[in-house]
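To start, the structure itself, in structure tokens.
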Amino acid sequence: MFQVLTVSCKIEVSPQQVEKLDAVLRAFASCCEYVNKNTDPKLTNQIAVQSLIYREAREYSGLSAQMTIHAIRRVCANRKTAKQQNRPVKGFAPTSINQQPRSKIERRRSNSWTFYQFRQFMTYKAVKFGVNLVFVNPRYTSQTCYKCLHIHPVRGKSYRSGKRFSCGHCGWIGDADENGAKNISVLGLLLDQPGGSGLACSLEEHVLGLLKSHCSA
Ligand SMILES: [Zn+2]
């Protein structure tokens, strides 16, 4: 029987790994500070900042090439957010693995490397245990109701409010993360069953409905 599991996990680390991670975090934060102090604060374009300071910043922090690029990206993201909110750039504290981004936008802009490492970790585990690992596009999975597959009809609005999901179409109310996870598992199943899906049928219904309304008008 084919089974889709959606995994939620916390990675346990040894004291030695914690030490290493902390050292990387401190180097990452100081690299960010260095880049921020030594480039024009008006610069928000990552490539522009990179071409100015990449070599110096890497030498200064001792970080890997990839991490240095991430630090520069983080500074640029931070500057963009500061500009939007009309405030100066805040300091870079070595607080967490993804540098605890302060806003939703900043989080999206800066934590991709954590996901990248997590993905590598999952791939390794899946290969080791012979599990088929499927990556799906998470777009709209938090906004779509897993029961009736509807999304809020008004642009910019969502049936999701924080941890709670309350569908305005079928009335399902529940945990927003659970709803998202169920949508992701449906998408995972879809990739393995190209023949047919509830999603495609539902879409067809909508399209047919649209066609009918156009034809009768
Ligand atoms: Zn619904």
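Numbering starts fresh at 1 for the residues of each chain in the structure tokens, the chains themselves are lettered A, B, ... in the order given, and ligands are numbered from 1 as they appear.
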
Write out as a Markdown table a residue-level contact list of chain A versus ligand 1 with cut-off 10 Å: for each qualifying residue the closest pair of atoms and the distance in Å to one decimal, counting only C-alpha atoms and all ligand atoms, rows sorted by chain and residue number upward.
| residue | atom | partner | partner_atom_place_in_ligand_line | distance |
| --- | --- | --- | --- | --- |
| A:Thr144 | CA | ligand 1 | 1 (Zn) | 7.8 |
| A:Cys145 | CA | ligand 1 | 1 (Zn) | 4.6 |
| A:Tyr146 | CA | ligand 1 | 1 (Zn) | 6.6 |
| A:Lys147 | CA | ligand 1 | 1 (Zn) | 5.1 |
| A:Cys148 | CA | ligand 1 | 1 (Zn) | 4.2 |
| A:Leu149 | CA | ligand 1 | 1 (Zn) | 6.1 |
| A:His150 | CA | ligand 1 | 1 (Zn) | 5.7 |
| A:Ile151 | CA | ligand 1 | 1 (Zn) | 8.1 |
| A:His152 | CA | ligand 1 | 1 (Zn) | 9.6 |
| A:Tyr159 | CA | ligand 1 | 1 (Zn) | 9.0 |
| A:Phe165 | CA | ligand 1 | 1 (Zn) | 9.4 |
| A:Ser166 | CA | ligand 1 | 1 (Zn) | 7.8 |
| A:Cys167 | CA | ligand 1 | 1 (Zn) | 4.6 |
| A:Gly168 | CA | ligand 1 | 1 (Zn) | 6.6 |
| A:His169 | CA | ligand 1 | 1 (Zn) | 5.0 |
| A:Cys170 | CA | ligand 1 | 1 (Zn) | 4.0 |
| A:Gly171 | CA | ligand 1 | 1 (Zn) | 5.8 |
| A:Trp172 | CA | ligand 1 | 1 (Zn) | 5.4 |
| A:Ile173 | CA | ligand 1 | 1 (Zn) | 8.4 |

Got time to write the residues from that selection, N, CA and C atoms, as a compact mmCIF listing (two decimals), in the first residue's frame?
# COMPACT_ATOMS: atom_id res chain seq x y z
N THR A 144 -5.25 26.99 1.24
CA THR A 144 -6.29 26.13 0.69
C THR A 144 -6.90 25.24 1.77
N CYS A 145 -8.23 25.12 1.77
CA CYS A 145 -8.90 24.23 2.71
C CYS A 145 -8.71 22.79 2.20
N TYR A 146 -8.18 21.91 3.03
CA TYR A 146 -7.88 20.57 2.55
C TYR A 146 -9.15 19.74 2.32
N LYS A 147 -10.26 20.16 2.97
CA LYS A 147 -11.52 19.41 2.82
C LYS A 147 -12.19 19.71 1.49
N CYS A 148 -12.32 20.99 1.17
CA CYS A 148 -13.09 21.34 -0.04
C CYS A 148 -12.22 21.99 -1.12
N LEU A 149 -10.92 22.19 -0.82
CA LEU A 149 -9.95 22.75 -1.77
C LEU A 149 -10.27 24.19 -2.20
N HIS A 150 -10.97 24.91 -1.36
CA HIS A 150 -11.24 26.30 -1.71
C HIS A 150 -10.24 27.25 -1.06
N ILE A 151 -10.00 28.36 -1.77
CA ILE A 151 -9.14 29.43 -1.27
C ILE A 151 -10.05 30.65 -1.09
N HIS A 152 -9.74 31.51 -0.17
CA HIS A 152 -10.56 32.72 0.03
C HIS A 152 -10.70 33.46 -1.30
N TYR A 159 -8.40 32.24 4.66
CA TYR A 159 -9.21 31.57 5.69
C TYR A 159 -8.34 31.27 6.90
N PHE A 165 -7.42 27.73 11.20
CA PHE A 165 -7.93 27.77 9.83
C PHE A 165 -9.45 27.62 9.90
N SER A 166 -10.17 28.53 9.31
CA SER A 166 -11.61 28.48 9.34
C SER A 166 -12.14 28.69 7.93
N CYS A 167 -12.60 27.59 7.31
CA CYS A 167 -13.02 27.65 5.90
C CYS A 167 -14.38 28.34 5.76
N GLY A 168 -14.42 29.33 4.90
CA GLY A 168 -15.66 30.06 4.67
C GLY A 168 -16.55 29.36 3.65
N HIS A 169 -16.03 28.29 3.06
CA HIS A 169 -16.82 27.58 2.05
C HIS A 169 -17.52 26.35 2.62
N CYS A 170 -16.73 25.43 3.23
CA CYS A 170 -17.36 24.22 3.76
C CYS A 170 -17.53 24.27 5.27
N GLY A 171 -16.92 25.28 5.90
CA GLY A 171 -17.11 25.44 7.34
C GLY A 171 -16.14 24.67 8.22
N TRP A 172 -15.16 23.97 7.59
CA TRP A 172 -14.19 23.23 8.40
C TRP A 172 -13.35 24.19 9.23
N ILE A 173 -13.20 23.87 10.51
CA ILE A 173 -12.37 24.68 11.38
C ILE A 173 -11.33 23.78 12.02

Alpha helix (DSSP H) per DSSP on the backbone: members of range 39-181 of chain A, as an MDAnalysis selection string: chainID A and resid 46:61 65:84 104:110 112:128 176:181

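Atom pair CA of Val89 in chain A / CA of Pro41 in chain A: separated by 8.7 Å.
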
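Rounded to one decimal, CA of Pro94 in chain A and CA of Asp22 in chain A lie 7.8 Å from each other.
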
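Among the candidates A:Arg139, A:Val154, A:Ile47, A:Arg160, the one nearest to Asn183 in chain A when counting only C-alpha atoms is A:Arg139.
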
Which residue of A:Gly188, A:Asp175, A:Phe121, A:Ser161 approaches Phe135 in chain A most closely, using only C-alpha atoms: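 When distances to Phe135 in chain A are compared using only C-alpha atoms, the smallest one comes from A:Gly188.
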